[in-house]
>>> print(open('run_6.cif').read())   # mmCIF, C-alpha atoms and all ligand atoms
data_run
#
loop_
_atom_site.group_PDB
_atom_site.id
_atom_site.type_symbol
_atom_site.label_atom_id
_atom_site.label_comp_id
_atom_site.auth_asym_id
_atom_site.auth_seq_id
_atom_site.Cartn_x
_atom_site.Cartn_y
_atom_site.Cartn_z
ATOM 1 C CA MET A 1 18.566 -9.967 1.279
ATOM 2 C CA PRO A 2 19.494 -6.477 0.025
ATOM 3 C CA THR A 3 20.543 -3.930 2.616
ATOM 4 C CA ASN A 4 18.430 -0.800 3.174
ATOM 5 C CA ALA A 5 15.520 -2.179 1.173
ATOM 6 C CA SER A 6 12.207 -0.386 1.678
ATOM 7 C CA PRO A 7 9.023 -2.102 2.910
ATOM 8 C CA LEU A 8 7.748 -1.866 -0.665
ATOM 9 C CA TYR A 9 10.623 -4.085 -1.769
ATOM 10 C CA TYR A 10 9.635 -6.769 0.720
ATOM 11 C CA LEU A 11 5.972 -6.521 -0.260
ATOM 12 C CA ALA A 12 6.978 -6.993 -3.906
ATOM 13 C CA GLU A 13 9.204 -9.901 -2.945
ATOM 14 C CA GLU A 14 6.307 -11.521 -1.111
ATOM 15 C CA ARG A 15 4.090 -11.030 -4.156
ATOM 16 C CA TYR A 16 6.801 -12.559 -6.320
ATOM 17 C CA LEU A 17 7.063 -15.608 -4.066
ATOM 18 C CA ASN A 18 3.288 -16.052 -3.960
ATOM 19 C CA ALA A 19 2.688 -15.274 -7.651
ATOM 20 C CA GLU A 20 0.682 -17.837 -9.531
ATOM 21 C CA THR A 21 1.172 -16.581 -13.064
ATOM 22 C CA LYS A 22 4.134 -15.402 -15.115
ATOM 23 C CA ASP A 23 2.559 -11.970 -15.515
ATOM 24 C CA GLU A 24 2.236 -11.558 -11.752
ATOM 25 C CA LYS A 25 5.851 -12.698 -11.337
ATOM 26 C CA ILE A 26 6.995 -10.198 -13.973
ATOM 27 C CA ALA A 27 5.079 -7.337 -12.352
ATOM 28 C CA ALA A 28 6.485 -8.205 -8.919
ATOM 29 C CA LEU A 29 10.050 -8.496 -10.219
ATOM 30 C CA GLU A 30 9.797 -5.158 -12.031
ATOM 31 C CA GLU A 31 8.734 -3.620 -8.779
ATOM 32 C CA MET A 32 11.543 -5.287 -6.821
ATOM 33 C CA ILE A 33 14.014 -3.863 -9.341
ATOM 34 C CA ARG A 34 12.483 -0.394 -8.986
ATOM 35 C CA GLU A 35 12.509 -0.574 -5.186
ATOM 36 C CA ILE A 36 15.893 -2.160 -4.510
ATOM 37 C CA PRO A 37 18.438 0.364 -3.174
ATOM 38 C CA LYS A 38 20.960 1.039 -5.937
ATOM 39 C CA HIS A 39 24.412 0.642 -4.404
ATOM 40 C CA LYS A 40 27.439 -1.648 -4.670
ATOM 41 C CA GLY A 41 26.186 -4.010 -1.971
ATOM 42 C CA THR A 42 23.093 -4.889 -3.972
ATOM 43 C CA GLU A 43 24.668 -5.140 -7.436
ATOM 44 C CA ASN A 44 24.633 -8.937 -7.431
ATOM 45 C CA VAL A 45 21.030 -9.149 -6.331
ATOM 46 C CA GLN A 46 20.068 -6.512 -8.921
ATOM 47 C CA ALA A 47 21.754 -8.561 -11.647
ATOM 48 C CA GLN A 48 20.005 -11.752 -10.484
ATOM 49 C CA LEU A 49 16.624 -10.013 -10.518
ATOM 50 C CA ARG A 50 17.191 -8.642 -14.028
ATOM 51 C CA THR A 51 18.213 -12.084 -15.303
ATOM 52 C CA LYS A 52 15.095 -13.669 -13.798
ATOM 53 C CA LEU A 53 12.967 -10.921 -15.358
ATOM 54 C CA ALA A 54 14.523 -11.310 -18.796
ATOM 55 C CA LYS A 55 13.999 -15.095 -18.680
ATOM 56 C CA LEU A 56 10.367 -14.758 -17.648
ATOM 57 C CA LYS A 57 9.686 -12.157 -20.329
ATOM 58 C CA LYS A 58 11.264 -14.349 -22.954
ATOM 59 C CA GLN A 59 9.056 -17.251 -21.847
ATOM 60 C CA SER A 60 5.899 -15.151 -21.918
ATOM 61 C CA GLY A 61 6.874 -13.463 -25.206
ATOM 62 C CA LYS A 62 6.606 -9.968 -23.747
ATOM 63 C CA ARG A 63 9.316 -7.390 -24.129
ATOM 64 C CA LYS A 64 7.629 -4.141 -23.232
ATOM 65 C CA THR A 65 7.495 -3.258 -19.577
ATOM 66 C CA SER A 66 4.259 -1.999 -18.120
ATOM 67 C CA LYS A 67 5.009 1.190 -16.261
ATOM 68 C CA GLY A 68 1.535 1.484 -14.740
ATOM 69 C CA GLU A 69 0.663 4.569 -16.792
ATOM 70 C CA GLY A 70 3.846 6.303 -15.715
ATOM 71 C CA ILE A 71 2.654 6.791 -12.148
ATOM 72 C CA GLU A 72 5.681 6.585 -9.908
ATOM 73 C CA LYS A 73 5.212 4.818 -6.649
ATOM 74 C CA ALA A 74 5.498 7.129 -3.693
ATOM 75 C CA GLY A 75 5.150 6.691 0.051
ATOM 76 C CA ASP A 76 4.962 3.492 2.056
ATOM 77 C CA ALA A 77 2.279 1.715 0.015
ATOM 78 C CA GLN A 78 0.169 2.201 -3.092
ATOM 79 C CA LEU A 79 -3.619 1.725 -3.099
ATOM 80 C CA CYS A 80 -5.968 1.693 -6.090
ATOM 81 C CA VAL A 81 -9.543 2.890 -5.611
ATOM 82 C CA ILE A 82 -11.917 1.321 -8.100
ATOM 83 C CA GLY A 83 -15.692 1.223 -8.544
ATOM 84 C CA GLU A 84 -18.520 2.034 -10.931
ATOM 85 C CA THR A 85 -18.834 5.625 -12.045
ATOM 86 C CA ASN A 86 -20.339 7.857 -9.342
ATOM 87 C CA SER A 87 -19.557 5.365 -6.588
ATOM 88 C CA GLY A 88 -17.729 8.125 -4.698
ATOM 89 C CA LYS A 89 -14.081 7.372 -5.522
ATOM 90 C CA SER A 90 -13.005 11.006 -5.924
ATOM 91 C CA SER A 91 -14.972 11.980 -2.827
ATOM 92 C CA LEU A 92 -13.076 9.412 -0.758
ATOM 93 C CA LEU A 93 -9.724 10.580 -2.132
ATOM 94 C CA LYS A 94 -10.577 14.180 -1.334
ATOM 95 C CA TYR A 95 -11.806 13.279 2.150
ATOM 96 C CA LEU A 96 -8.674 11.332 3.060
ATOM 97 C CA THR A 97 -6.022 13.461 1.369
ATOM 98 C CA GLY A 98 -7.510 16.951 1.163
ATOM 99 C CA LYS A 99 -6.583 17.150 -2.534
ATOM 100 C CA ASN A 100 -8.940 19.274 -4.566
ATOM 101 C CA ILE A 101 -10.349 16.715 -6.985
ATOM 102 C CA ARG A 102 -13.311 17.244 -9.313
ATOM 103 C CA ILE A 103 -16.421 15.682 -7.841
ATOM 104 C CA ASP A 104 -19.677 15.663 -9.729
ATOM 105 C CA ASP A 105 -22.836 13.632 -9.981
ATOM 106 C CA LYS A 106 -22.355 13.508 -13.762
ATOM 107 C CA LYS A 107 -20.995 10.164 -14.951
ATOM 108 C CA TYR A 108 -17.306 9.618 -15.775
ATOM 109 C CA THR A 109 -16.009 12.840 -14.239
ATOM 110 C CA THR A 110 -12.588 11.306 -13.641
ATOM 111 C CA THR A 111 -10.988 10.224 -16.901
ATOM 112 C CA LYS A 112 -7.320 9.990 -15.874
ATOM 113 C CA PRO A 113 -5.977 8.310 -12.731
ATOM 114 C CA GLU A 114 -6.067 10.793 -9.834
ATOM 115 C CA VAL A 115 -3.144 10.435 -7.462
ATOM 116 C CA ALA A 116 -2.965 11.787 -3.915
ATOM 117 C CA ILE A 117 -1.049 11.023 -0.731
ATOM 118 C CA PHE A 118 -2.945 10.109 2.409
ATOM 119 C CA ASN A 119 -0.993 10.690 5.602
ATOM 120 C CA PHE A 120 -2.144 7.999 8.015
ATOM 121 C CA ASP A 121 -0.625 8.883 11.378
ATOM 122 C CA GLY A 122 2.773 9.359 9.785
ATOM 123 C CA ALA A 123 2.578 6.550 7.231
ATOM 124 C CA LYS A 124 2.226 7.807 3.679
ATOM 125 C CA LEU A 125 -0.220 5.923 1.503
ATOM 126 C CA GLN A 126 -0.452 6.739 -2.190
ATOM 127 C CA LEU A 127 -4.072 6.572 -3.373
ATOM 128 C CA ILE A 128 -4.944 6.244 -7.064
ATOM 129 C CA GLU A 129 -8.461 6.582 -8.436
ATOM 130 C CA ILE A 130 -8.944 4.235 -11.389
ATOM 131 C CA PRO A 131 -11.278 5.917 -13.896
ATOM 132 C CA SER A 132 -14.473 3.918 -14.370
ATOM 133 C CA LEU A 133 -13.894 3.387 -18.088
ATOM 134 C CA PHE A 134 -11.612 0.561 -16.904
ATOM 135 C CA GLU A 135 -9.085 1.038 -19.719
ATOM 136 C CA ASN A 136 -6.344 -1.558 -19.859
ATOM 137 C CA ALA A 137 -3.587 0.988 -19.321
ATOM 138 C CA HIS A 138 -5.199 2.071 -16.039
ATOM 139 C CA MET A 139 -6.203 -1.407 -14.942
ATOM 140 C CA SER A 140 -2.567 -2.537 -15.083
ATOM 141 C CA LEU A 141 -2.026 -0.440 -11.952
ATOM 142 C CA LEU A 142 -4.064 -3.015 -10.046
ATOM 143 C CA THR A 143 -1.378 -5.650 -10.516
ATOM 144 C CA THR A 144 1.462 -3.684 -9.004
ATOM 145 C CA CYS A 145 -0.354 -1.833 -6.211
ATOM 146 C CA ASN A 146 -0.368 -3.124 -2.630
ATOM 147 C CA LEU A 147 -4.094 -2.949 -1.997
ATOM 148 C CA VAL A 148 -7.307 -2.417 -3.956
ATOM 149 C CA LEU A 149 -10.308 -0.585 -2.494
ATOM 150 C CA CYS A 150 -13.482 -1.470 -4.336
ATOM 151 C CA LEU A 151 -16.373 0.947 -3.732
ATOM 152 C CA TYR A 152 -19.924 -0.095 -4.556
ATOM 153 C CA THR A 153 -23.387 1.261 -3.877
ATOM 154 C CA ASN A 154 -25.388 -1.901 -4.630
ATOM 155 C CA MET A 155 -24.867 -5.632 -5.093
ATOM 156 C CA LYS A 156 -25.014 -5.428 -8.894
ATOM 157 C CA GLU A 157 -22.017 -3.076 -8.913
ATOM 158 C CA LYS A 158 -20.179 -5.238 -6.398
ATOM 159 C CA LYS A 159 -20.619 -8.289 -8.613
ATOM 160 C CA LYS A 160 -19.563 -6.462 -11.801
ATOM 161 C CA ILE A 161 -16.371 -4.966 -10.364
ATOM 162 C CA GLY A 162 -15.706 -8.158 -8.401
ATOM 163 C CA ASP A 163 -15.647 -10.070 -11.693
ATOM 164 C CA LEU A 164 -13.218 -7.554 -13.210
ATOM 165 C CA LEU A 165 -10.930 -7.910 -10.193
ATOM 166 C CA LYS A 166 -11.146 -11.680 -10.306
ATOM 167 C CA ARG A 167 -10.027 -11.708 -13.933
ATOM 168 C CA ARG A 168 -7.073 -9.512 -12.948
ATOM 169 C CA ARG A 169 -6.320 -11.935 -10.096
ATOM 170 C CA VAL A 170 -6.261 -9.219 -7.470
ATOM 171 C CA LEU A 171 -9.208 -10.316 -5.313
ATOM 172 C CA SER A 172 -6.949 -11.463 -2.484
ATOM 173 C CA LYS A 173 -5.689 -7.916 -1.960
ATOM 174 C CA THR A 174 -9.101 -6.257 -2.362
ATOM 175 C CA ILE A 175 -11.309 -4.645 0.286
ATOM 176 C CA PHE A 176 -14.962 -4.224 -0.756
ATOM 177 C CA VAL A 177 -16.644 -1.202 0.783
ATOM 178 C CA LEU A 178 -20.203 0.038 0.497
ATOM 179 C CA SER A 179 -20.026 3.792 -0.139
ATOM 180 C CA LYS A 180 -22.553 6.585 0.505
ATOM 181 C CA SER A 181 -23.893 4.755 3.572
ATOM 182 C CA ASP A 182 -25.874 7.871 4.553
ATOM 183 C CA LEU A 183 -28.121 7.228 1.537
ATOM 184 C CA ASN A 184 -27.691 3.510 1.376
ATOM 185 C CA LYS A 185 -29.153 1.245 4.022
ATOM 186 C CA GLU A 186 -27.845 -1.990 2.506
ATOM 187 C CA LYS A 187 -26.058 -4.332 4.950
ATOM 188 C CA ALA A 188 -22.303 -4.579 4.482
ATOM 189 C CA TYR A 189 -19.239 -5.777 6.377
ATOM 190 C CA MET A 190 -17.607 -2.425 5.758
ATOM 191 C CA LYS A 191 -19.408 0.771 4.808
ATOM 192 C CA PHE A 192 -18.701 4.472 4.953
ATOM 193 C CA SER A 193 -19.995 7.879 4.031
ATOM 194 C CA VAL A 194 -17.957 10.994 3.373
ATOM 195 C CA GLN A 195 -21.146 12.958 3.992
ATOM 196 C CA SER A 196 -21.689 11.811 7.594
ATOM 197 C CA GLY A 197 -18.184 10.484 8.332
ATOM 198 C CA GLU A 198 -19.675 7.093 9.298
ATOM 199 C CA GLY A 199 -17.249 4.205 8.982
ATOM 200 C CA VAL A 200 -14.258 6.247 7.851
ATOM 201 C CA GLU A 201 -12.124 5.472 10.921
ATOM 202 C CA GLU A 202 -12.992 1.767 10.657
ATOM 203 C CA LEU A 203 -12.062 1.836 6.976
ATOM 204 C CA LYS A 204 -8.685 3.456 7.714
ATOM 205 C CA ASN A 205 -7.936 0.796 10.329
ATOM 206 C CA LEU A 206 -8.953 -2.021 8.012
ATOM 207 C CA ILE A 207 -6.714 -0.632 5.257
ATOM 208 C CA TRP A 208 -3.819 -0.543 7.679
ATOM 209 C CA ARG A 209 -4.384 -4.103 8.907
ATOM 210 C CA LYS A 210 -4.766 -5.442 5.383
ATOM 211 C CA LEU A 211 -1.531 -3.754 4.234
ATOM 212 C CA GLY A 212 0.337 -5.775 6.826
ATOM 213 C CA LEU A 213 2.570 -2.882 7.829
ATOM 214 C CA ILE A 214 3.642 -1.598 11.238
ATOM 215 C CA ARG A 215 4.747 1.825 12.453
ATOM 216 C CA ILE A 216 7.839 1.936 14.631
ATOM 217 C CA TYR A 217 9.006 5.057 16.458
ATOM 218 C CA THR A 218 12.680 5.525 17.129
ATOM 219 C CA LYS A 219 13.995 7.127 20.285
ATOM 220 C CA ALA A 220 17.369 8.843 20.604
ATOM 221 C CA ASN A 221 18.666 11.233 23.283
ATOM 222 C CA ASN A 222 15.380 10.866 25.177
ATOM 223 C CA LYS A 223 13.414 12.181 22.203
ATOM 224 C CA ILE A 224 10.876 10.105 20.333
ATOM 225 C CA GLU A 225 10.916 10.715 16.586
ATOM 226 C CA LYS A 226 7.439 11.853 15.452
ATOM 227 C CA LYS A 227 7.708 10.299 12.013
ATOM 228 C CA PRO A 228 7.475 6.517 12.198
ATOM 229 C CA VAL A 229 9.556 4.042 10.260
ATOM 230 C CA VAL A 230 7.091 1.894 8.318
ATOM 231 C CA LEU A 231 8.010 -1.784 8.103
ATOM 232 C CA LYS A 232 6.449 -5.043 7.068
ATOM 233 C CA LYS A 233 4.661 -6.929 9.848
ATOM 234 C CA GLY A 234 7.015 -9.477 11.379
ATOM 235 C CA SER A 235 10.094 -7.284 10.873
ATOM 236 C CA THR A 236 12.849 -7.503 13.442
ATOM 237 C CA ILE A 237 15.179 -5.007 15.081
ATOM 238 C CA LYS A 238 17.695 -6.037 12.426
ATOM 239 C CA THR A 239 15.396 -4.848 9.601
ATOM 240 C CA LEU A 240 14.799 -1.606 11.470
ATOM 241 C CA ALA A 241 18.503 -0.960 12.054
ATOM 242 C CA ILE A 242 19.304 -1.623 8.389
ATOM 243 C CA GLU A 243 16.385 0.538 7.262
ATOM 244 C CA ILE A 244 17.584 3.513 9.334
ATOM 245 C CA HIS A 245 21.281 3.232 8.521
ATOM 246 C CA LYS A 246 23.545 0.295 7.859
ATOM 247 C CA ASP A 247 26.051 1.600 10.451
ATOM 248 C CA LEU A 248 23.395 1.117 13.107
ATOM 249 C CA PHE A 249 23.354 -2.525 12.152
ATOM 250 C CA THR A 250 27.120 -3.043 12.000
ATOM 251 C CA ASP A 251 27.714 -1.195 15.300
ATOM 252 C CA PHE A 252 24.636 -2.656 16.993
ATOM 253 C CA ASN A 253 24.977 -3.531 20.667
ATOM 254 C CA PHE A 254 21.411 -3.814 22.005
ATOM 255 C CA ALA A 255 18.032 -2.098 21.781
ATOM 256 C CA ARG A 256 15.388 -1.109 24.291
ATOM 257 C CA ILE A 257 11.689 -1.473 23.552
ATOM 258 C CA PHE A 258 9.161 0.889 25.068
ATOM 259 C CA ASP A 259 5.550 -0.241 24.789
ATOM 260 C CA ASN A 260 2.423 -0.500 26.907
ATOM 261 C CA THR A 261 3.323 -3.845 28.488
ATOM 262 C CA GLN A 262 4.831 -4.471 31.923
ATOM 263 C CA PHE A 263 8.135 -5.195 30.162
ATOM 264 C CA SER A 264 8.446 -1.711 28.689
ATOM 265 C CA GLY A 265 12.096 -0.663 28.597
ATOM 266 C CA LYS A 266 13.449 -4.189 28.286
ATOM 267 C CA ARG A 267 16.688 -4.941 26.439
ATOM 268 C CA VAL A 268 16.392 -6.895 23.216
ATOM 269 C CA GLY A 269 18.652 -8.133 20.416
ATOM 270 C CA LEU A 270 18.566 -8.087 16.635
ATOM 271 C CA LYS A 271 16.109 -10.966 16.380
ATOM 272 C CA TYR A 272 13.371 -9.267 18.397
ATOM 273 C CA LYS A 273 10.093 -9.132 16.441
ATOM 274 C CA LEU A 274 8.648 -5.636 16.390
ATOM 275 C CA LYS A 275 4.991 -4.814 16.865
ATOM 276 C CA GLU A 276 2.814 -1.875 15.818
ATOM 277 C CA GLY A 277 3.629 1.266 17.791
ATOM 278 C CA ASP A 278 6.835 0.011 19.419
ATOM 279 C CA ILE A 279 9.262 2.721 20.476
ATOM 280 C CA VAL A 280 12.830 1.572 19.926
ATOM 281 C CA GLU A 281 16.099 2.938 21.273
ATOM 282 C CA ILE A 282 19.127 1.443 19.565
ATOM 283 C CA HIS A 283 22.438 1.380 21.432
ATOM 284 C CA ARG A 284 25.699 1.038 19.547
ATOM 285 C CA GLY A 285 28.536 -1.076 20.770
HETATM 286 N N1 LIG B 1 -24.823 11.480 0.001
HETATM 287 C C1 LIG B 1 -23.582 11.187 -0.373
HETATM 288 N N2 LIG B 1 -23.141 11.550 -1.588
HETATM 289 C C2 LIG B 1 -21.885 11.220 -1.943
HETATM 290 C C3 LIG B 1 -21.005 10.525 -1.070
HETATM 291 N N3 LIG B 1 -19.836 10.329 -1.698
HETATM 292 C C4 LIG B 1 -19.970 10.905 -2.913
HETATM 293 N N4 LIG B 1 -21.195 11.441 -3.075
HETATM 294 C C5 LIG B 1 -21.718 12.141 -4.256
HETATM 295 O O1 LIG B 1 -21.753 11.234 -5.353
HETATM 296 C C6 LIG B 1 -21.425 11.906 -6.580
HETATM 297 C C7 LIG B 1 -20.259 11.207 -7.281
HETATM 298 O O2 LIG B 1 -19.120 11.323 -6.470
HETATM 299 P P1 LIG B 1 -17.636 11.198 -7.044
HETATM 300 O O3 LIG B 1 -16.725 11.216 -5.874
HETATM 301 O O4 LIG B 1 -17.384 12.208 -8.120
HETATM 302 O O5 LIG B 1 -17.703 9.744 -7.678
HETATM 303 P P2 LIG B 1 -16.624 8.985 -8.605
HETATM 304 O O6 LIG B 1 -16.707 7.557 -8.282
HETATM 305 O O7 LIG B 1 -15.296 9.652 -8.475
HETATM 306 O O8 LIG B 1 -17.260 9.248 -10.052
HETATM 307 P P3 LIG B 1 -16.564 9.324 -11.507
HETATM 308 O O9 LIG B 1 -15.196 9.884 -11.382
HETATM 309 O O10 LIG B 1 -17.466 10.260 -12.265
HETATM 310 O O11 LIG B 1 -16.625 7.957 -12.087
HETATM 311 C C8 LIG B 1 -21.120 13.362 -6.194
HETATM 312 O O12 LIG B 1 -22.268 14.135 -6.408
HETATM 313 C C9 LIG B 1 -20.792 13.260 -4.698
HETATM 314 O O13 LIG B 1 -21.073 14.462 -4.008
HETATM 315 C C10 LIG B 1 -21.507 10.168 0.226
HETATM 316 O O14 LIG B 1 -20.815 9.548 1.068
HETATM 317 N N5 LIG B 1 -22.787 10.512 0.512
HETATM 318 MG MG MG B 2 -14.068 10.521 -9.865
#
>>> encode(input="run_6.cif", output="structure tokens")
Amino acid sequence: MPTNASPLYYLAEERYLNAETKDEKIAALEEMIREIPKHKGTENVQAQLRTKLAKLKKQSGKRKTSKGEGIEKAGDAQLCVIGETNSGKSSLLKYLTGKNIRIDDKKYTTTKPEVAIFNFDGAKLQLIEIPSLFENAHMSLLTTCNLVLCLYTNMKEKKKIGDLLKRRRVLSKTIFVLSKSDLNKEKAYMKFSVQSGEGVEELKNLIWRKLGLIRIYTKANNKIEKKPVVLKKGSTIKTLAIEIHKDLFTDFNFARIFDNTQFSGKRVGLKYKLKEGDIVEIHRG
């Protein structure tokens, strides 16, 4: 396991391990190589990853790397927003991120991927609107992103985009959401409206749960850091210590966990499994 790897590295690694096709494996490996911290300690792992990638590419006859339209990953996770034209993709991006994006009831207003960062209680989620022309170059972003949000306003749209996502093998990381619920009285598991605000909080929470990430707050000198460290669900104190600074791991003595249970303040070791919202104070030896 590489030291100081970001949550995105682990998500890519998980995708690599669960990949069913060579193309998915290649995309996941490319991401692992992008995300792995570049220092001496990881040189061996980097070399192993590159060898695996070269072998896979040779087998699948592909040499060119897909750079996802040159959009650099940023933040703690990357989400693609897809849907038929006029389904309200830009409106959702604007609502969540505040970015001034062109919104219009004319068809195909967005022709290039729109990128904006959504700050979700300290976690930074990169949102990308996929233009509804569904060009291959844009659709390749679906493979490497962490989550796909599929907006639809009726069942016909849901079926059409659902089929596209199935062919791209990204259904398992897709959330289907009925948009414009102020106009649309159709029943849906998840629906929202940027007009009335209905369902937006529920949608944010669902996104967070589906990403499988947790926010951990560090405490030092009696002060709780406002900005959380974002980790993969199931991470331990060890992952946290390495993520903050490798010295914290090598000098580790014990940690204290502050939470809303009766055990708040208890001492724990490196193997302790963290949970969403934990406040952690690390003590060096
Ligand atoms: N009533 C209502 N109108 C909405 C809502 N969301 C978006 N709209 C309207 O729907 C139209 C299309 O919205 P956009 O956000 O531009 O849709 P889009 O999916 O980005 O469309 P393209 O980029 O053109 O493919 C605009 O006129 C929006 O004002 C909503 O929640 N309620
Ligand atoms: Mg748009």
>>> residues_near_ligand(input="run_6.cif", ligand="ligand MG 2 (chain B)", cutoff="10 Å", atoms="all atoms listed in the file", output="PyMOL selection string")
chain A and resi 81-94+101-114+129-132
>>> write_last_selection(input="run_6.cif", atoms="C-alpha atoms", output="PDB file, in the frame of the given file")
ATOM      1  CA  VAL A  81      -9.543   2.890  -5.611  1.00  0.00           C
ATOM      2  CA  ILE A  82     -11.917   1.321  -8.100  1.00  0.00           C
ATOM      3  CA  GLY A  83     -15.692   1.223  -8.544  1.00  0.00           C
ATOM      4  CA  GLU A  84     -18.520   2.034 -10.931  1.00  0.00           C
ATOM      5  CA  THR A  85     -18.834   5.625 -12.045  1.00  0.00           C
ATOM      6  CA  ASN A  86     -20.339   7.857  -9.342  1.00  0.00           C
ATOM      7  CA  SER A  87     -19.557   5.365  -6.588  1.00  0.00           C
ATOM      8  CA  GLY A  88     -17.729   8.125  -4.698  1.00  0.00           C
ATOM      9  CA  LYS A  89     -14.081   7.372  -5.522  1.00  0.00           C
ATOM     10  CA  SER A  90     -13.005  11.006  -5.924  1.00  0.00           C
ATOM     11  CA  SER A  91     -14.972  11.980  -2.827  1.00  0.00           C
ATOM     12  CA  LEU A  92     -13.076   9.412  -0.758  1.00  0.00           C
ATOM     13  CA  LEU A  93      -9.724  10.580  -2.132  1.00  0.00           C
ATOM     14  CA  LYS A  94     -10.577  14.180  -1.334  1.00  0.00           C
ATOM     15  CA  ILE A 101     -10.349  16.715  -6.985  1.00  0.00           C
ATOM     16  CA  ARG A 102     -13.311  17.244  -9.313  1.00  0.00           C
ATOM     17  CA  ILE A 103     -16.421  15.682  -7.841  1.00  0.00           C
ATOM     18  CA  ASP A 104     -19.677  15.663  -9.729  1.00  0.00           C
ATOM     19  CA  ASP A 105     -22.836  13.632  -9.981  1.00  0.00           C
ATOM     20  CA  LYS A 106     -22.355  13.508 -13.762  1.00  0.00           C
ATOM     21  CA  LYS A 107     -20.995  10.164 -14.951  1.00  0.00           C
ATOM     22  CA  TYR A 108     -17.306   9.618 -15.775  1.00  0.00           C
ATOM     23  CA  THR A 109     -16.009  12.840 -14.239  1.00  0.00           C
ATOM     24  CA  THR A 110     -12.588  11.306 -13.641  1.00  0.00           C
ATOM     25  CA  THR A 111     -10.988  10.224 -16.901  1.00  0.00           C
ATOM     26  CA  LYS A 112      -7.320   9.990 -15.874  1.00  0.00           C
ATOM     27  CA  PRO A 113      -5.977   8.310 -12.731  1.00  0.00           C
ATOM     28  CA  GLU A 114      -6.067  10.793  -9.834  1.00  0.00           C
ATOM     29  CA  GLU A 129      -8.461   6.582  -8.436  1.00  0.00           C
ATOM     30  CA  ILE A 130      -8.944   4.235 -11.389  1.00  0.00           C
ATOM     31  CA  PRO A 131     -11.278   5.917 -13.896  1.00  0.00           C
ATOM     32  CA  SER A 132     -14.473   3.918 -14.370  1.00  0.00           C
TER      33      SER A 132
END
>>> resolve_selection(input="run_6.cif", expression="the PyMOL selection byres (((chain A and resi 198) around 12) and not hetatm)", output="short mmCIF file (atom, residue, chain, number, x, y, z; two decimals) with C-alpha atoms, in the frame of the given file")
data_model
loop_
_atom_site.label_atom_id
_atom_site.label_comp_id
_atom_site.auth_asym_id
_atom_site.auth_seq_id
_atom_site.Cartn_x
_atom_site.Cartn_y
_atom_site.Cartn_z
CA LEU A 178 -20.20 0.04 0.50
CA SER A 179 -20.03 3.79 -0.14
CA LYS A 180 -22.55 6.58 0.50
CA SER A 181 -23.89 4.76 3.57
CA ASP A 182 -25.87 7.87 4.55
CA LEU A 183 -28.12 7.23 1.54
CA ASN A 184 -27.69 3.51 1.38
CA MET A 190 -17.61 -2.42 5.76
CA LYS A 191 -19.41 0.77 4.81
CA PHE A 192 -18.70 4.47 4.95
CA SER A 193 -20.00 7.88 4.03
CA VAL A 194 -17.96 10.99 3.37
CA GLN A 195 -21.15 12.96 3.99
CA SER A 196 -21.69 11.81 7.59
CA GLY A 197 -18.18 10.48 8.33
CA GLY A 199 -17.25 4.20 8.98
CA VAL A 200 -14.26 6.25 7.85
CA GLU A 201 -12.12 5.47 10.92
CA GLU A 202 -12.99 1.77 10.66
CA LEU A 203 -12.06 1.84 6.98
CA LYS A 204 -8.68 3.46 7.71
#
>>> resolve_selection(input="run_6.cif", expression="the PyMOL selection byres (((chain A and resi 235) around 12) and not hetatm)", output="PyMOL selection string")
chain A and resi 6-7+10-11+212-216+229-234+236-243+270-276+278
>>> write_last_selection(input="run_6.cif", atoms="C-alpha atoms", output="tab-separated table (two decimals), in the frame of the given file")
chain	number	residue	atom	x	y	z
A	6	SER	CA	12.21	-0.39	1.68
A	7	PRO	CA	9.02	-2.10	2.91
A	10	TYR	CA	9.64	-6.77	0.72
A	11	LEU	CA	5.97	-6.52	-0.26
A	212	GLY	CA	0.34	-5.78	6.83
A	213	LEU	CA	2.57	-2.88	7.83
A	214	ILE	CA	3.64	-1.60	11.24
A	215	ARG	CA	4.75	1.82	12.45
A	216	ILE	CA	7.84	1.94	14.63
A	229	VAL	CA	9.56	4.04	10.26
A	230	VAL	CA	7.09	1.89	8.32
A	231	LEU	CA	8.01	-1.78	8.10
A	232	LYS	CA	6.45	-5.04	7.07
A	233	LYS	CA	4.66	-6.93	9.85
A	234	GLY	CA	7.02	-9.48	11.38
A	236	THR	CA	12.85	-7.50	13.44
A	237	ILE	CA	15.18	-5.01	15.08
A	238	LYS	CA	17.70	-6.04	12.43
A	239	THR	CA	15.40	-4.85	9.60
A	240	LEU	CA	14.80	-1.61	11.47
A	241	ALA	CA	18.50	-0.96	12.05
A	242	ILE	CA	19.30	-1.62	8.39
A	243	GLU	CA	16.39	0.54	7.26
A	270	LEU	CA	18.57	-8.09	16.64
A	271	LYS	CA	16.11	-10.97	16.38
A	272	TYR	CA	13.37	-9.27	18.40
A	273	LYS	CA	10.09	-9.13	16.44
A	274	LEU	CA	8.65	-5.64	16.39
A	275	LYS	CA	4.99	-4.81	16.86
A	276	GLU	CA	2.81	-1.88	15.82
A	278	ASP	CA	6.84	0.01	19.42
>>> closest_residue(input="run_6.cif", among="A:Lys25, A:Arg284, A:Lys223, A:Lys210", to="A:Leu53", atoms="all atoms listed in the file")
A:Lys25
>>> axis_aligned_box(input="run_6.cif", around="ligand LIG 1 (chain B)", padding_each_side="4 Å", output="JSON")
{"center_x": -20.0, "center_y": 11.0, "center_z": -5.6, "size_x": 17.6, "size_y": 14.9, "size_z": 21.3}
>>> atom_distance(input="run_6.cif", atom1="atom CA of A:Glu14", atom2="atom CA of A:Ala28")
8.5 Å
>>> closest_residue(input="run_6.cif", among="A:Lys58, A:Lys52, A:Arg168, A:Lys185", to="ligand LIG 1 (chain B)", atoms="only C-alpha atoms and all ligand atoms")
A:Lys185
>>> resolve_selection(input="run_6.cif", expression="the PyMOL selection byres (((chain A and resi 32-43) around 10) and not hetatm)", output="number ranges by chain")
A: 1-16, 26-31, 44-50, 53, 72-73
